[in-house]
>>> print(open('upload.txt').read())   # compact mmCIF, C-alpha atoms
# COMPACT_ATOMS: atom_id res chain seq x y z
CA MET A 1 40.40 -0.10 -2.63
CA THR A 2 39.78 -3.09 -0.37
CA PRO A 3 36.38 -4.70 -0.89
CA GLY A 4 34.07 -4.86 2.13
CA PRO A 5 32.99 -8.07 3.84
CA ALA A 6 30.58 -10.43 2.12
CA VAL A 7 26.94 -10.09 3.12
CA PRO A 8 25.98 -13.19 5.15
CA LYS A 9 23.51 -15.55 3.49
CA ALA A 10 20.41 -16.87 5.23
CA PRO A 11 20.58 -20.67 5.60
CA GLY A 12 18.03 -23.06 4.14
CA ALA A 13 17.98 -21.99 0.47
CA LYS A 14 16.69 -24.71 -1.88
CA PRO A 15 17.74 -25.26 -5.51
CA VAL A 16 15.93 -22.99 -7.98
CA LEU A 17 13.38 -21.58 -5.49
CA GLY A 18 15.89 -20.46 -2.86
CA HIS A 19 13.92 -19.28 0.19
CA LEU A 20 10.69 -18.66 -1.75
CA GLY A 21 8.89 -21.75 -0.43
CA THR A 22 9.65 -20.86 3.19
CA PHE A 23 8.73 -17.23 2.60
CA LEU A 24 5.34 -18.12 1.13
CA ARG A 25 4.51 -20.78 3.76
CA ALA A 26 5.49 -18.83 6.89
CA PRO A 27 6.81 -15.35 6.04
CA LEU A 28 6.68 -13.80 9.51
CA PRO A 29 8.74 -16.43 11.40
CA PHE A 30 11.18 -16.48 8.46
CA LEU A 31 11.66 -12.70 8.65
CA ARG A 32 11.97 -12.69 12.45
CA GLY A 33 14.82 -15.20 12.21
CA LEU A 34 16.91 -13.18 9.76
CA ALA A 35 18.26 -10.72 12.34
CA ALA A 36 20.22 -13.54 14.02
CA HIS A 37 22.47 -13.73 10.94
CA GLY A 38 23.54 -10.07 10.85
CA PRO A 39 22.41 -6.50 10.20
CA LEU A 40 22.25 -7.19 6.45
CA VAL A 41 21.32 -10.67 5.20
CA GLU A 42 21.05 -12.12 1.70
CA ILE A 43 18.04 -14.24 0.75
CA GLN A 44 17.17 -15.85 -2.57
CA LEU A 45 13.64 -15.67 -4.00
CA ALA A 46 13.44 -17.89 -7.10
CA GLY A 47 16.80 -16.71 -8.44
CA GLU A 48 16.34 -13.09 -7.28
CA ARG A 49 19.04 -11.96 -4.84
CA VAL A 50 17.55 -9.72 -2.13
CA LEU A 51 19.46 -8.08 0.70
CA VAL A 52 17.27 -7.68 3.79
CA VAL A 53 18.13 -4.89 6.25
CA CYS A 54 17.72 -6.24 9.79
CA ASP A 55 18.94 -3.29 11.85
CA PRO A 56 16.94 -0.14 12.75
CA GLU A 57 19.83 2.28 12.23
CA LEU A 58 20.74 0.79 8.86
CA THR A 59 17.07 0.89 7.88
CA ARG A 60 16.92 4.56 8.79
CA ALA A 61 20.13 5.27 6.87
CA MET A 62 18.76 3.50 3.80
CA LEU A 63 15.45 5.38 3.92
CA LEU A 64 17.23 8.73 4.15
CA LYS A 65 19.17 7.96 0.94
CA ASP A 66 16.05 7.72 -1.17
CA ARG A 67 17.77 8.58 -4.46
CA ILE A 68 20.34 5.79 -4.03
CA PHE A 69 17.87 3.29 -2.60
CA ASP A 70 14.99 4.12 -4.94
CA LYS A 71 11.56 2.53 -4.90
CA GLY A 72 11.70 -0.53 -7.11
CA GLY A 73 11.81 -4.30 -7.23
CA PRO A 74 8.99 -6.82 -7.74
CA LEU A 75 6.73 -5.18 -5.14
CA TYR A 76 6.67 -1.82 -6.91
CA ASP A 77 6.44 -3.44 -10.35
CA ARG A 78 3.11 -4.89 -9.19
CA LEU A 79 1.98 -1.61 -7.59
CA ARG A 80 2.62 0.23 -10.86
CA GLU A 81 0.41 -2.16 -12.82
CA ALA A 82 -2.66 -0.58 -11.21
CA GLY A 83 -1.33 2.57 -9.55
CA GLY A 84 0.98 3.80 -12.30
CA GLN A 85 3.47 6.38 -11.07
CA GLY A 86 1.51 7.48 -8.00
CA LEU A 87 3.18 9.04 -5.00
CA ALA A 88 3.78 5.67 -3.31
CA SER A 89 5.44 4.03 -6.32
CA CYS A 90 7.01 6.78 -8.45
CA PRO A 91 10.83 7.03 -8.69
CA ALA A 92 12.73 9.53 -6.54
CA SER A 93 13.28 11.80 -9.56
CA GLU A 94 9.52 12.40 -9.74
CA HIS A 95 8.65 12.15 -6.05
CA ARG A 96 9.52 15.66 -4.87
CA ARG A 97 7.33 17.34 -7.51
CA GLN A 98 4.37 15.10 -6.70
CA ARG A 99 4.83 15.44 -2.96
CA ARG A 100 4.91 19.23 -3.18
CA LEU A 101 1.68 19.27 -5.20
CA ILE A 102 -0.19 16.76 -3.05
CA GLN A 103 0.97 17.90 0.40
CA PRO A 104 -1.64 20.71 0.66
CA ALA A 105 -4.38 18.05 0.62
CA PHE A 106 -2.92 16.67 3.87
CA ARG A 107 -2.40 19.89 5.80
CA GLN A 108 -3.60 19.76 9.39
CA ALA A 109 -6.35 22.34 8.93
CA LEU A 110 -8.27 19.91 6.69
CA PHE A 111 -8.30 17.00 9.13
CA PRO A 112 -11.41 18.02 11.07
CA GLY A 113 -13.28 17.94 7.74
CA TYR A 114 -11.90 14.50 6.90
CA ALA A 115 -12.86 13.35 10.39
CA GLY A 116 -16.38 14.60 9.76
CA ILE A 117 -16.60 12.40 6.64
CA MET A 118 -15.29 9.43 8.63
CA THR A 119 -17.81 9.95 11.43
CA GLU A 120 -20.71 10.30 8.98
CA ARG A 121 -19.85 7.11 7.08
CA LEU A 122 -19.07 5.11 10.24
CA ASP A 123 -22.36 6.14 11.78
CA ALA A 124 -24.30 5.12 8.67
CA LEU A 125 -22.58 1.75 8.28
CA ILE A 126 -21.95 0.49 11.82
CA THR A 127 -25.36 1.33 13.22
CA GLY A 128 -26.91 -0.85 10.52
CA TRP A 129 -25.43 -4.05 11.94
CA GLN A 130 -27.81 -6.48 13.65
CA PRO A 131 -27.30 -8.07 17.11
CA GLY A 132 -26.14 -11.67 16.93
CA ARG A 133 -24.94 -11.34 13.34
CA ARG A 134 -21.92 -13.42 12.30
CA PHE A 135 -19.62 -12.04 9.60
CA ASP A 136 -16.04 -11.95 8.39
CA LEU A 137 -14.70 -8.94 10.28
CA SER A 138 -11.75 -8.36 7.93
CA THR A 139 -14.01 -8.20 4.87
CA GLU A 140 -16.53 -5.94 6.63
CA THR A 141 -13.83 -3.62 7.97
CA ARG A 142 -12.10 -3.37 4.61
CA SER A 143 -15.44 -2.48 3.03
CA ILE A 144 -16.04 0.26 5.60
CA ALA A 145 -12.49 1.61 5.23
CA ALA A 146 -12.92 1.63 1.44
CA ASP A 147 -16.20 3.53 1.78
CA ILE A 148 -14.49 6.14 3.96
CA VAL A 149 -11.53 6.55 1.62
CA VAL A 150 -13.74 6.80 -1.49
CA SER A 151 -15.85 9.42 0.30
CA ALA A 152 -12.71 11.35 1.25
CA ILE A 153 -11.37 11.18 -2.34
CA PHE A 154 -14.55 11.75 -4.39
CA GLY A 155 -16.97 13.16 -1.82
CA THR A 156 -19.97 11.38 -0.33
CA GLY A 157 -22.12 11.41 -3.47
CA LEU A 158 -20.44 8.54 -5.34
CA ASP A 159 -22.86 5.97 -6.81
CA PRO A 160 -22.88 2.98 -4.40
CA ALA A 161 -22.85 0.53 -7.34
CA VAL A 162 -19.63 2.09 -8.67
CA HIS A 163 -18.07 1.93 -5.25
CA SER A 164 -19.11 -1.71 -4.86
CA ARG A 165 -17.45 -2.66 -8.17
CA LEU A 166 -14.27 -0.84 -7.20
CA ALA A 167 -14.17 -2.52 -3.79
CA GLY A 168 -14.65 -5.96 -5.34
CA ASP A 169 -11.82 -5.46 -7.82
CA PHE A 170 -9.48 -4.13 -5.16
CA ASP A 171 -10.24 -7.19 -3.03
CA ILE A 172 -9.06 -9.39 -5.92
CA LEU A 173 -5.89 -7.31 -6.29
CA LEU A 174 -5.07 -7.43 -2.60
CA ALA A 175 -5.76 -11.16 -2.36
CA GLY A 176 -3.34 -11.93 -5.20
CA PHE A 177 -0.79 -9.19 -4.63
CA THR A 178 1.83 -11.09 -2.58
CA ARG A 179 1.70 -14.12 -4.87
CA HIS A 180 2.14 -11.98 -7.98
CA THR A 181 4.98 -10.06 -6.35
CA LEU A 182 7.01 -13.14 -5.46
CA LEU A 183 6.32 -15.54 -8.34
CA PRO A 184 8.71 -15.56 -11.34
CA LYS A 185 7.40 -13.74 -14.40
CA ARG A 186 6.77 -16.88 -16.49
CA LEU A 187 4.48 -18.25 -13.74
CA ARG A 188 2.67 -14.90 -13.35
CA THR A 189 1.94 -14.74 -17.08
CA MET A 190 0.62 -18.28 -17.52
CA PRO A 191 -3.09 -18.30 -18.48
CA LEU A 192 -4.23 -19.72 -15.14
CA PRO A 193 -7.63 -18.70 -13.67
CA GLY A 194 -6.03 -16.79 -10.77
CA ASN A 195 -3.70 -14.89 -13.10
CA ARG A 196 -6.51 -14.00 -15.51
CA GLU A 197 -8.74 -12.81 -12.68
CA TYR A 198 -5.95 -10.70 -11.17
CA LEU A 199 -5.01 -9.03 -14.46
CA ALA A 200 -8.65 -8.40 -15.38
CA ALA A 201 -9.27 -6.77 -11.99
CA THR A 202 -6.17 -4.61 -12.47
CA ASP A 203 -7.50 -3.41 -15.82
CA ARG A 204 -10.99 -2.72 -14.42
CA VAL A 205 -9.58 -0.72 -11.48
CA ARG A 206 -7.55 1.40 -13.84
CA ARG A 207 -10.44 2.01 -16.24
CA GLY A 208 -12.90 2.65 -13.41
CA MET A 209 -10.68 5.24 -11.77
CA THR A 210 -10.03 6.85 -15.16
CA ASP A 211 -13.78 7.24 -15.77
CA LEU A 212 -14.31 8.72 -12.30
CA THR A 213 -11.45 11.22 -12.44
CA THR A 214 -12.31 12.31 -16.00
CA ARG A 215 -15.92 12.89 -14.98
CA TYR A 216 -14.80 14.73 -11.88
CA ARG A 217 -12.37 16.93 -13.83
CA THR A 218 -15.19 18.07 -16.12
CA GLN A 219 -18.16 18.11 -13.72
CA GLY A 220 -16.80 18.10 -10.18
CA ASP A 221 -16.64 20.92 -7.67
CA THR A 222 -12.97 21.91 -7.77
CA GLY A 223 -13.62 24.27 -4.89
CA GLY A 224 -14.53 21.38 -2.59
CA THR A 225 -12.49 19.96 0.25
CA ASN A 226 -12.34 16.30 -0.74
CA LEU A 227 -8.94 14.99 -1.80
CA LEU A 228 -9.62 14.83 -5.53
CA SER A 229 -11.01 18.36 -5.72
CA LEU A 230 -7.83 19.64 -4.07
CA LEU A 231 -5.65 17.72 -6.54
CA VAL A 232 -7.71 18.90 -9.55
CA ALA A 233 -7.39 22.49 -8.33
CA ALA A 234 -3.59 22.28 -7.88
CA ARG A 235 -1.77 24.59 -10.32
CA ASP A 236 1.77 24.59 -11.62
CA PRO A 237 3.38 27.70 -10.07
CA GLU A 238 5.29 28.52 -13.28
CA SER A 239 2.62 28.02 -15.97
CA ASP A 240 -0.59 28.29 -13.90
CA GLN A 241 -1.78 25.18 -15.77
CA PRO A 242 -3.25 22.15 -13.96
CA ALA A 243 -0.36 20.61 -12.05
CA LEU A 244 -1.45 17.00 -12.55
CA THR A 245 -2.39 15.38 -15.86
CA ASP A 246 -5.43 13.11 -16.11
CA ASP A 247 -3.20 10.03 -15.90
CA GLU A 248 -1.47 11.43 -12.82
CA LEU A 249 -4.83 12.08 -11.16
CA VAL A 250 -5.77 8.44 -11.78
CA ASP A 251 -2.42 7.31 -10.35
CA GLN A 252 -3.00 9.30 -7.16
CA ALA A 253 -6.62 8.17 -6.77
CA VAL A 254 -5.65 4.48 -7.11
CA THR A 255 -2.72 4.95 -4.72
CA MET A 256 -4.82 6.68 -2.06
CA TYR A 257 -7.60 4.12 -2.33
CA SER A 258 -5.33 1.10 -2.00
CA ALA A 259 -3.07 2.55 0.68
CA GLY A 260 -5.87 4.04 2.76
CA THR A 261 -8.06 0.94 2.75
CA GLU A 262 -5.88 -2.06 3.56
CA THR A 263 -3.58 -0.29 6.04
CA THR A 264 -6.32 0.95 8.34
CA ALA A 265 -8.62 -2.06 8.00
CA GLY A 266 -5.83 -4.47 8.87
CA ALA A 267 -4.72 -2.51 11.94
CA VAL A 268 -8.30 -2.19 13.25
CA CYS A 269 -8.87 -5.93 12.87
CA TRP A 270 -5.61 -6.78 14.64
CA SER A 271 -6.55 -4.33 17.42
CA LEU A 272 -9.83 -6.15 17.98
CA TYR A 273 -8.26 -9.59 17.73
CA LEU A 274 -5.48 -8.76 20.19
CA THR A 275 -7.73 -7.06 22.74
CA ASN A 276 -10.15 -9.98 22.67
CA ARG A 277 -7.22 -12.25 23.54
CA HIS A 278 -6.26 -9.96 26.45
CA PRO A 279 -9.37 -9.39 28.64
CA HIS A 280 -7.71 -6.81 30.90
CA THR A 281 -6.81 -4.67 27.87
CA LEU A 282 -10.31 -5.08 26.45
CA ARG A 283 -11.87 -3.90 29.74
CA ARG A 284 -9.63 -0.80 29.83
CA LEU A 285 -10.38 -0.03 26.22
CA THR A 286 -14.16 -0.44 26.45
CA THR A 287 -14.25 1.56 29.70
CA GLU A 288 -12.51 4.48 28.00
CA VAL A 289 -14.77 4.25 24.94
CA ASP A 290 -17.94 4.06 27.06
CA ASP A 291 -16.87 6.98 29.25
CA VAL A 292 -15.93 9.21 26.30
CA LEU A 293 -18.59 8.29 23.73
CA GLY A 294 -21.53 6.92 25.71
CA GLY A 295 -22.77 4.81 22.83
CA ARG A 296 -22.32 7.30 19.99
CA THR A 297 -19.92 7.40 17.02
CA ALA A 298 -16.49 8.98 17.62
CA THR A 299 -15.73 12.48 16.29
CA TRP A 300 -12.70 14.72 15.84
CA ASP A 301 -13.36 16.41 19.19
CA ASP A 302 -13.20 13.06 21.00
CA LEU A 303 -9.64 12.24 19.92
CA PRO A 304 -7.81 13.91 22.86
CA ASN A 305 -9.81 11.73 25.25
CA LEU A 306 -9.28 8.47 23.37
CA ARG A 307 -5.66 8.08 24.48
CA TYR A 308 -5.78 4.40 25.35
CA THR A 309 -7.60 3.64 22.09
CA ARG A 310 -4.68 5.24 20.23
CA GLN A 311 -2.22 3.18 22.31
CA VAL A 312 -4.03 -0.05 21.41
CA PHE A 313 -4.08 0.89 17.73
CA ASN A 314 -0.37 1.74 17.82
CA GLU A 315 0.53 -1.56 19.44
CA ALA A 316 -1.43 -3.48 16.81
CA LEU A 317 0.46 -1.52 14.12
CA ARG A 318 3.73 -2.48 15.79
CA MET A 319 2.95 -6.16 16.09
CA TYR A 320 1.40 -6.55 12.63
CA PRO A 321 2.42 -3.61 10.40
CA PRO A 322 0.50 -3.56 7.09
CA GLY A 323 3.54 -2.88 4.88
CA TRP A 324 5.62 -5.69 6.32
CA PHE A 325 8.09 -6.31 3.44
CA LEU A 326 9.16 -3.44 1.16
CA THR A 327 11.82 -3.29 -1.54
CA ARG A 328 14.21 -0.76 -3.02
CA ASP A 329 16.45 -0.75 -6.13
CA THR A 330 20.02 0.46 -5.72
CA THR A 331 20.68 3.10 -8.39
CA GLU A 332 24.48 3.27 -7.98
CA ASP A 333 27.31 1.39 -6.33
CA THR A 334 27.17 2.20 -2.63
CA THR A 335 27.79 0.86 0.86
CA LEU A 336 25.49 0.15 3.78
CA GLY A 337 26.78 -0.83 7.20
CA GLY A 338 30.24 -1.48 5.78
CA TYR A 339 28.95 -3.82 3.06
CA ASP A 340 29.46 -3.08 -0.64
CA ILE A 341 26.19 -3.01 -2.57
CA PRO A 342 26.44 -2.95 -6.38
CA LYS A 343 24.12 -0.90 -8.55
CA GLY A 344 20.97 -2.83 -9.44
CA THR A 345 20.77 -4.79 -6.19
CA THR A 346 17.34 -5.28 -4.66
CA VAL A 347 17.34 -4.26 -1.00
CA ALA A 348 14.39 -4.95 1.30
CA PHE A 349 13.41 -3.62 4.69
CA THR A 350 10.73 -5.07 6.90
CA PRO A 351 8.86 -3.01 9.48
CA TYR A 352 7.63 -6.32 10.91
CA LEU A 353 11.18 -7.48 11.67
CA ILE A 354 12.19 -4.09 13.09
CA SER A 355 9.06 -3.99 15.26
CA HIS A 356 9.98 -7.37 16.78
CA LEU A 357 13.55 -6.54 17.82
CA SER A 358 13.98 -6.86 21.58
CA THR A 359 16.59 -4.07 21.48
CA LEU A 360 13.82 -1.65 20.47
CA TYR A 361 10.81 -3.23 22.19
CA PRO A 362 11.40 -5.39 25.29
CA GLN A 363 9.43 -8.64 25.07
CA PRO A 364 8.40 -7.84 21.51
CA GLU A 365 5.93 -10.75 21.27
CA ARG A 366 3.97 -9.33 24.20
CA PHE A 367 0.92 -7.20 23.41
CA ASP A 368 1.42 -4.13 25.60
CA PRO A 369 -0.40 -0.90 24.63
CA ASP A 370 1.28 0.89 27.55
CA ARG A 371 4.47 1.01 25.46
CA TRP A 372 2.81 4.03 23.83
CA LYS A 373 1.79 5.92 26.95
CA THR A 374 2.71 9.56 26.40
CA ASP A 375 1.74 11.36 29.66
CA GLY A 376 0.25 14.18 27.63
CA GLY A 377 2.98 14.43 24.99
CA LYS A 378 2.52 13.94 21.26
CA PRO A 379 1.65 10.31 20.45
CA GLN A 380 4.47 8.32 18.86
CA VAL A 381 4.23 5.68 16.12
CA PRO A 382 6.17 2.41 15.73
CA ALA A 383 9.54 2.68 14.00
CA THR A 384 9.49 2.45 10.17
CA VAL A 385 5.77 1.48 9.98
CA PHE A 386 5.13 4.53 7.79
CA GLY A 387 8.59 4.53 6.21
CA GLY A 388 10.98 7.41 6.71
CA GLY A 389 12.94 10.21 5.09
CA ALA A 390 11.49 12.02 2.08
CA ARG A 391 9.34 8.97 1.22
CA LYS A 392 7.59 8.80 4.59
CA CYS A 393 3.91 8.03 4.00
CA ILE A 394 2.03 11.27 3.28
CA GLY A 395 -1.19 9.76 4.66
CA ASP A 396 0.15 8.53 8.01
CA GLU A 397 -1.92 10.96 10.08
CA PHE A 398 -4.99 10.26 7.94
CA ALA A 399 -4.61 6.51 8.60
CA LEU A 400 -4.13 7.02 12.35
CA LEU A 401 -7.14 9.33 12.53
CA GLU A 402 -9.32 6.89 10.61
CA GLY A 403 -8.12 3.90 12.63
CA VAL A 404 -8.75 5.41 16.05
CA LEU A 405 -12.21 6.72 15.08
CA MET A 406 -13.15 3.37 13.59
CA LEU A 407 -11.90 1.27 16.52
CA ALA A 408 -13.61 3.49 19.11
CA SER A 409 -16.87 3.62 17.13
CA TYR A 410 -17.00 -0.16 16.73
CA LEU A 411 -16.69 -0.64 20.47
CA SER A 412 -19.03 2.22 21.33
CA HIS A 413 -21.92 0.62 19.43
CA TRP A 414 -21.14 -3.10 19.72
CA ARG A 415 -19.41 -5.87 21.67
CA LEU A 416 -17.55 -7.99 19.12
CA ASP A 417 -16.68 -11.59 20.04
>>> encode(input="upload.txt", output="structure tokens")
Amino acid sequence: MTPGPAVPKAPGAKPVLGHLGTFLRAPLPFLRGLAAHGPLVEIQLAGERVLVVCDPELTRAMLLKDRIFDKGGPLYDRLREAGGQGLASCPASEHRRQRRLIQPAFRQALFPGYAGIMTERLDALITGWQPGRRFDLSTETRSIAADIVVSAIFGTGLDPAVHSRLAGDFDILLAGFTRHTLLPKRLRTMPLPGNREYLAATDRVRRGMTDLTTRYRTQGDTGGTNLLSLLVAARDPESDQPALTDDELVDQAVTMYSAGTETTAGAVCWSLYLTNRHPHTLRRLTTEVDDVLGGRTATWDDLPNLRYTRQVFNEALRMYPPGWFLTRDTTEDTTLGGYDIPKGTTVAFTPYLISHLSTLYPQPERFDPDRWKTDGGKPQVPATVFGGGARKCIGDEFALLEGVLMLASYLSHWRLD
């Protein structure tokens, strides 16, 4: 059998570190430039060989083969430190069972109820701002998104002090996540202040979520409609026993909290940043919000009339997707795009790179919400932003719902400069 062609290597690798220095200094320009070298490109990250998929069709093909290209690599090693084997990080062998058990919590009939929680929390938090106040919008938005997700998971009665501790620890995790993903193990494990703080926050998150889920299992209302009550109530169809163990409940709670907070908060902040840099877009957006909401907080019933708000949110997701660099482990010898890929190879795909290909999106650096105009059809989402295949994000519609309600409500109550 004739071996396939060699995967082209990205130029500029340095001794020992490879491309790690460039990746850490300016990751987005580095990723954008990879597509010029081929549909599949090899980079080196401190001795780790990573093949980056730079073509939308090859990305789709890889995502559809989720048992061959299984979730793994440094990114998922870090996710599992806090989130265990949750739906976002578990191997393919476990994914289908978990997905089947968790899917009922994301059925469409429940979304008006989730929207009601979002509206209630947005109204309580946004209307408390003061005119003329200056604050870090990303921190504030992440706090609000975390409040919404915690309320959706545990219900609205969670002790605010507990929520505040959780939010603080997750902030530490998110701030150090990329560094801990990319650094070699011996540097991650050195007793440096940043490493100690990160590992301590990881432990506190895990213990905090364990306490909450244990308490909820014994005292909570398993007939409720929040996410955790639905997971607690899930039964194994064969034994009629609880479908998820206590550890699995913790894994899912941590996964939902982390995924549902940073994704939405980041996209809302980019939406506001981009519209403020494009006055015509901002005028269109605020006109729609004012006409539909008239100064009140957005609700489920408003969504059909917030079409341009959804377009703006989608375009921000395209330009700055939250999960911008994701890895897979190859579980057997295989091929992709005519290239031989040995078992054990780390393969990465990058929604950011795909979203900036001119073949998919003309003038990709241009902020243009009208790319997503639907003329009454079902709204689309940017390619690969929520993954694909069997591992497509289960909470994609939840994130889009939360993002549009949040963006519209911000602009209904306030003008943010």
>>> atom_distance(input="upload.txt", atom1="CA of Ser229 (chain A)", atom2="CA of Ala259 (chain A)")
18.8 Å
>>> closest_residue(input="upload.txt", among="A:Trp372, A:Tyr257, A:Tyr273, A:Trp324", to="Ala348 (chain A)", atoms="only C-alpha atoms")
A:Trp324
>>> closest_residue(input="upload.txt", among="A:Pro29, A:Pro382, A:Pro362, A:Pro11", to="Phe313 (chain A)", atoms="all atoms listed in the file")
A:Pro382
>>> closest_residue(input="upload.txt", among="A:Ala167, A:Ala234, A:Leu125, A:Ala115", to="Leu303 (chain A)", atoms="all atoms listed in the file")
A:Ala115
>>> atom_distance(input="upload.txt", atom1="CA of Leu411 (chain A)", atom2="CA of Lys373 (chain A)")
20.7 Å
>>> residues_around(input="upload.txt", residues="Tyr320 (chain A)", least_positions_apart="6", cutoff="8 Å", atoms="only C-alpha atoms", output="PyMOL selection string")
chain A and resi 267+270+352
>>> atom_distance(input="upload.txt", atom1="CA of Thr275 (chain A)", atom2="CA of Asp368 (chain A)")
10.0 Å
>>> residues_around(input="upload.txt", residues="Pro242 (chain A)", least_positions_apart="6", cutoff="8 Å", atoms="all atoms listed in the file", output="MDAnalysis selection string")
chainID A and resid 232:236
>>> residues_near_point(input="upload.txt", point="(-11.5, 4.4, -7.1)", cutoff="6 Å", atoms="all atoms listed in the file", output="number ranges by chain")
A: 166, 209, 254
>>> closest_residue(input="upload.txt", among="A:Glu140, A:Gln44, A:Val150, A:Arg391", to="Glu94 (chain A)", atoms="all atoms listed in the file")
A:Arg391
>>> closest_residue(input="upload.txt", among="A:Ser358, A:Thr287, A:Thr346, A:Thr261", to="Asp329 (chain A)", atoms="all atoms listed in the file")
A:Thr346
>>> residues_around(input="upload.txt", residues="region 7-9 of chain A", least_positions_apart="2", cutoff="12 Å", atoms="only C-alpha atoms", output="compact mmCIF listing (two decimals) with C-alpha atoms, in the coordinates of the input")
# COMPACT_ATOMS: atom_id res chain seq x y z
CA PRO A 3 36.38 -4.70 -0.89
CA GLY A 4 34.07 -4.86 2.13
CA PRO A 5 32.99 -8.07 3.84
CA PRO A 11 20.58 -20.67 5.60
CA GLY A 12 18.03 -23.06 4.14
CA ALA A 13 17.98 -21.99 0.47
CA GLY A 18 15.89 -20.46 -2.86
CA HIS A 19 13.92 -19.28 0.19
CA LEU A 34 16.91 -13.18 9.76
CA ALA A 35 18.26 -10.72 12.34
CA ALA A 36 20.22 -13.54 14.02
CA HIS A 37 22.47 -13.73 10.94
CA GLY A 38 23.54 -10.07 10.85
CA PRO A 39 22.41 -6.50 10.20
CA LEU A 40 22.25 -7.19 6.45
CA VAL A 41 21.32 -10.67 5.20
CA GLU A 42 21.05 -12.12 1.70
CA ILE A 43 18.04 -14.24 0.75
CA GLN A 44 17.17 -15.85 -2.57
CA ARG A 49 19.04 -11.96 -4.84
CA VAL A 50 17.55 -9.72 -2.13
CA LEU A 51 19.46 -8.08 0.70
CA VAL A 52 17.27 -7.68 3.79
CA VAL A 53 18.13 -4.89 6.25
CA CYS A 54 17.72 -6.24 9.79
CA THR A 335 27.79 0.86 0.86
CA LEU A 336 25.49 0.15 3.78
CA GLY A 337 26.78 -0.83 7.20
CA GLY A 338 30.24 -1.48 5.78
CA TYR A 339 28.95 -3.82 3.06
CA ASP A 340 29.46 -3.08 -0.64
CA ILE A 341 26.19 -3.01 -2.57
CA PRO A 342 26.44 -2.95 -6.38
CA VAL A 347 17.34 -4.26 -1.00
>>> residues_near_point(input="upload.txt", point="(-14.3, 7.1, 10.2)", cutoff="12 Å", atoms="only C-alpha atoms", output="PyMOL selection string")
chain A and resi 111-126+141+144-152+260-261+264-265+268+297-300+303+398-410
>>> closest_residue(input="upload.txt", among="A:Pro304, A:Gly294, A:Pro193, A:Gly208", to="Arg165 (chain A)", atoms="all atoms listed in the file")
A:Gly208
>>> decode(input="upload.txt", residues="region 285-294 of chain A", atoms="N, CA, C and O atoms", output="short mmCIF file (atom, residue, chain, number, x, y, z; two decimals), in the first residue's frame")
data_model
loop_
_atom_site.label_atom_id
_atom_site.label_comp_id
_atom_site.auth_asym_id
_atom_site.auth_seq_id
_atom_site.Cartn_x
_atom_site.Cartn_y
_atom_site.Cartn_z
N LEU A 285 -30.11 48.09 15.14
CA LEU A 285 -30.34 47.18 16.26
C LEU A 285 -31.17 47.86 17.34
O LEU A 285 -32.17 47.29 17.83
N THR A 286 -30.80 49.06 17.74
CA THR A 286 -31.53 49.74 18.81
C THR A 286 -32.95 50.13 18.37
O THR A 286 -33.88 50.12 19.18
N THR A 287 -33.11 50.44 17.08
CA THR A 287 -34.46 50.72 16.57
C THR A 287 -35.35 49.50 16.71
O THR A 287 -36.51 49.60 17.16
N GLU A 288 -34.83 48.33 16.31
CA GLU A 288 -35.63 47.10 16.45
C GLU A 288 -35.96 46.84 17.92
O GLU A 288 -37.12 46.55 18.27
N VAL A 289 -34.96 46.94 18.79
CA VAL A 289 -35.17 46.66 20.21
C VAL A 289 -36.19 47.63 20.81
O VAL A 289 -37.10 47.23 21.55
N ASP A 290 -36.07 48.92 20.47
CA ASP A 290 -37.01 49.91 21.01
C ASP A 290 -38.43 49.65 20.51
O ASP A 290 -39.41 49.75 21.26
N ASP A 291 -38.56 49.32 19.22
CA ASP A 291 -39.89 49.07 18.65
C ASP A 291 -40.55 47.84 19.27
O ASP A 291 -41.76 47.83 19.52
N VAL A 292 -39.75 46.79 19.49
CA VAL A 292 -40.31 45.52 19.99
C VAL A 292 -40.53 45.56 21.50
O VAL A 292 -41.57 45.11 22.00
N LEU A 293 -39.57 46.09 22.24
CA LEU A 293 -39.61 45.98 23.70
C LEU A 293 -40.09 47.24 24.40
O LEU A 293 -40.64 47.15 25.51
N GLY A 294 -39.85 48.41 23.82
CA GLY A 294 -40.31 49.64 24.45
C GLY A 294 -39.79 49.86 25.85
O GLY A 294 -40.51 50.34 26.73
#
